[in-house]
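> Got a structure here, written out as structure tokens. Questions coming.
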Amino acid sequence: MTEIAFYHLQHSPLEKVLPRLLEKTLAAGHRAVVILGAPERVEALNAALWSYDQDSWIPHGSAADGNAADQPVWLTQADENPNGARYLFLADGAASARIAEFERCFELFDGNDPDAVAAARARWKAYQDAGHALAYWQQTAPGGWTKKD
């Protein structure tokens with residue numbers, strides 16, 4: 001059973017929220033795969049992770065960089081796990097048929113987009129039916145989160 005946490009983004013975009021979650025993942029000694037909705041989003045996030053905070057660094061790469069097995073954080077649009085990650089991050093409506101292979105999954109979705117909210121609700125139901133442990137976090141302000149039941 002995979003622990004799946006939904007992150008309902010309302011005040012900050014993915015490019016601001018994801019780096020903090022990845023920092024926590026790496027600090028805990030874990031690797032991550034981040035699956036995004038399109039190749040151009042992979043490259044945009046790849047660039048954003050290099051410059052999001054001048055006092056921090058997240059070691060990461062994508063197919064454009066190569067050496068997936070050496071990358072603690074792997075950015076992709078494919079349903080893959082080439083770096084042996086235990087943590088999976090899904091954004092931009094990306095999905096994975098490999099959820100059960102991961103210890104934890106983070107579903108990040110734009111709470112200001114009605115279609116993204118509806119899709120997240122459908123994924124919640126499917127995960128619930130599959131027996132995964134679920135949590136829901138709603139963004140309360142830039143940087144703030146409230147866990148909802």
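Ordering of the structure tokens sets the chain letters (A, B, ...), residue numbers begin anew at 1 in every chain, and ligands are numbered from 1 in the order given.
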Which polymer residues have any atom within 8 Å of an atom of Asp79 of chain A, counting only C-alpha atoms, with same-chain residues fewer than 4 positions away left out, as a list in words?

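Listed by chain and then number, they are Ile35, Ala95, Ser96, Ala97 and Arg98 of chain A.
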
> Determine, using only C-alpha atoms, which residues of segment 68-102 of chain A have any atom at most 12 Å from an atom of segment 44-58 of chain A, and tabulate each with its shortest atom pair and distance in Å to one decimal place, rows ordered by chain and then rising number, as a tab-separated table.


residue	atom	partner	partner_atom	distance
A:Gln71	CA	A:Ile58	CA	10.0
A:Pro72	CA	A:Ile58	CA	8.5
A:Val73	CA	A:Ile58	CA	7.8
A:Trp74	CA	A:Asn46	CA	9.4
A:Leu75	CA	A:Asn46	CA	7.2
A:Thr76	CA	A:Asn46	CA	9.6
A:Gln77	CA	A:Leu45	CA	11.4
A:Ala91	CA	A:Leu45	CA	11.0
A:Asp92	CA	A:Leu45	CA	11.5

> For those residues, write C-alpha atoms to a file as a tab-separated table (two decimals), in the first residue's frame.


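The new file result-v2.tsv reads:
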chain	number	residue	atom	x	y	z
A	71	GLN	CA	20.08	11.52	-10.43
A	72	PRO	CA	18.50	11.81	-6.94
A	73	VAL	CA	15.53	13.59	-8.57
A	74	TRP	CA	14.43	12.54	-12.05
A	75	LEU	CA	12.09	14.74	-14.10
A	76	THR	CA	10.09	13.06	-16.85
A	77	GLN	CA	6.83	12.96	-18.76
A	91	ALA	CA	1.75	17.09	-11.51
A	92	ASP	CA	0.01	18.65	-14.51

> Report the closest atom pair, with its distance in Å rounded to one decimal, for each residue of segment 26-53 of chain A that has an atom no farther than 12 Å from segment 106-121 of chain A; count only C-alpha atoms, sort by chain and then rising residue number, and write it as JSON lines.


{"residue": "A:Ala32", "atom": "CA", "partner": "A:Phe106", "partner_atom": "CA", "distance": 10.3}
{"residue": "A:Val33", "atom": "CA", "partner": "A:Phe106", "partner_atom": "CA", "distance": 10.3}
{"residue": "A:Val34", "atom": "CA", "partner": "A:Phe106", "partner_atom": "CA", "distance": 9.2}
{"residue": "A:Ile35", "atom": "CA", "partner": "A:Glu107", "partner_atom": "CA", "distance": 10.1}
{"residue": "A:Leu36", "atom": "CA", "partner": "A:Leu108", "partner_atom": "CA", "distance": 10.2}
{"residue": "A:Gly37", "atom": "CA", "partner": "A:Phe109", "partner_atom": "CA", "distance": 11.5}

> Create the file for the chosen residues now, containing C-alpha atoms and written as a PDB file, in the first residue's frame.


ATOM      1  CA  ALA A  32      12.217  11.016  -6.307  1.00  0.00           C
ATOM      2  CA  VAL A  33      10.662  10.751  -9.738  1.00  0.00           C
ATOM      3  CA  VAL A  34       8.608  13.743 -10.871  1.00  0.00           C
ATOM      4  CA  ILE A  35       6.193  12.978 -13.706  1.00  0.00           C
ATOM      5  CA  LEU A  36       4.828  16.004 -15.560  1.00  0.00           C
ATOM      6  CA  GLY A  37       2.234  16.382 -18.289  1.00  0.00           C
TER       7      GLY A  37
END

> Find the residues around segment 24-31 of chain A up to 7 Å (only C-alpha atoms counted), leave out those fewer than 3 positions away in its own chain, and share them as a VMD selection string.

chain A and resid 20 to 21 72 to 73 85 to 87

> To one decimal in Å, tell me the separation between atom CA of Glu40 of chain A and atom CA of Asn81 of chain A.

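Atom CA of Glu40 of chain A sits 19.3 Å away from atom CA of Asn81 of chain A.
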
> I'd like the contact shell of His132 of chain A - 8 Å cut-off, only C-alpha atoms, skipping same-chain residues fewer than 2 positions apart - returned as a list of chain:residue names.

A:Met1, A:Thr2, A:Glu3, A:Ile4, A:Tyr127, A:Gln128, A:Asp129, A:Ala130, A:Leu134

> Which parts of segment 2-143 of chain A does DSSP call strand (DSSP E or B) when run on the backbone here, written out as an MDAnalysis selection string?

chainID A and resid 3:9 32:35 60:61 73:76 87:90 104:110 133:141

> Run DSSP on the backbone and give me the residues of segment 3-119 of chain A it puts in alpha helix (DSSP H), as a PyMOL selection string.

chain A and resi 14-27+39-51+114-119

> How about saving the chosen residues, C-alpha atoms kept, as a CSV table (one decimal), in the first residue's frame?


chain,number,residue,atom,x,y,z
A,14,LEU,CA,4.1,24.1,-8.7
A,15,GLU,CA,7.4,25.8,-9.4
A,16,LYS,CA,7.3,27.3,-5.8
A,17,VAL,CA,5.8,24.3,-4.0
A,18,LEU,CA,7.6,21.3,-5.5
A,19,PRO,CA,11.2,22.4,-4.7
A,20,ARG,CA,10.4,22.5,-0.9
A,21,LEU,CA,8.8,19.0,-1.1
A,22,LEU,CA,11.9,17.7,-3.0
A,23,GLU,CA,14.2,19.3,-0.4
A,24,LYS,CA,12.4,17.4,2.4
A,25,THR,CA,12.5,14.2,0.3
A,26,LEU,CA,16.3,14.5,-0.2
A,27,ALA,CA,16.9,15.5,3.4
A,39,PRO,CA,8.1,17.4,-22.3
A,40,GLU,CA,8.1,21.2,-22.3
A,41,ARG,CA,7.0,21.2,-18.7
A,42,VAL,CA,9.8,18.9,-17.8
A,43,GLU,CA,12.4,21.3,-19.3
A,44,ALA,CA,10.7,24.3,-17.7
A,45,LEU,CA,10.8,22.7,-14.3
A,46,ASN,CA,14.4,21.5,-14.9
A,47,ALA,CA,15.4,25.1,-15.4
A,48,ALA,CA,13.3,26.4,-12.5
A,49,LEU,CA,14.9,23.9,-10.1
A,50,TRP,CA,18.4,25.4,-10.9
A,51,SER,CA,17.3,28.9,-10.0
A,114,PRO,CA,-12.0,23.2,-12.1
A,115,ASP,CA,-10.9,20.5,-14.5
A,116,ALA,CA,-7.8,19.7,-12.4
A,117,VAL,CA,-9.9,19.6,-9.3
A,118,ALA,CA,-12.4,17.2,-10.9
A,119,ALA,CA,-9.5,15.0,-12.1

> What does the distance between atom CA of Trp137 of chain A and atom CA of His8 of chain A come to in Å, to one decimal place?

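A separation of 6.1 Å between them.
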
> What does the structure give for the distance between atom CA of Leu88 of chain A and atom CA of Cys105 of chain A, in Å to one decimal?

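Between atom CA of Leu88 of chain A and atom CA of Cys105 of chain A the gap is 4.6 Å.
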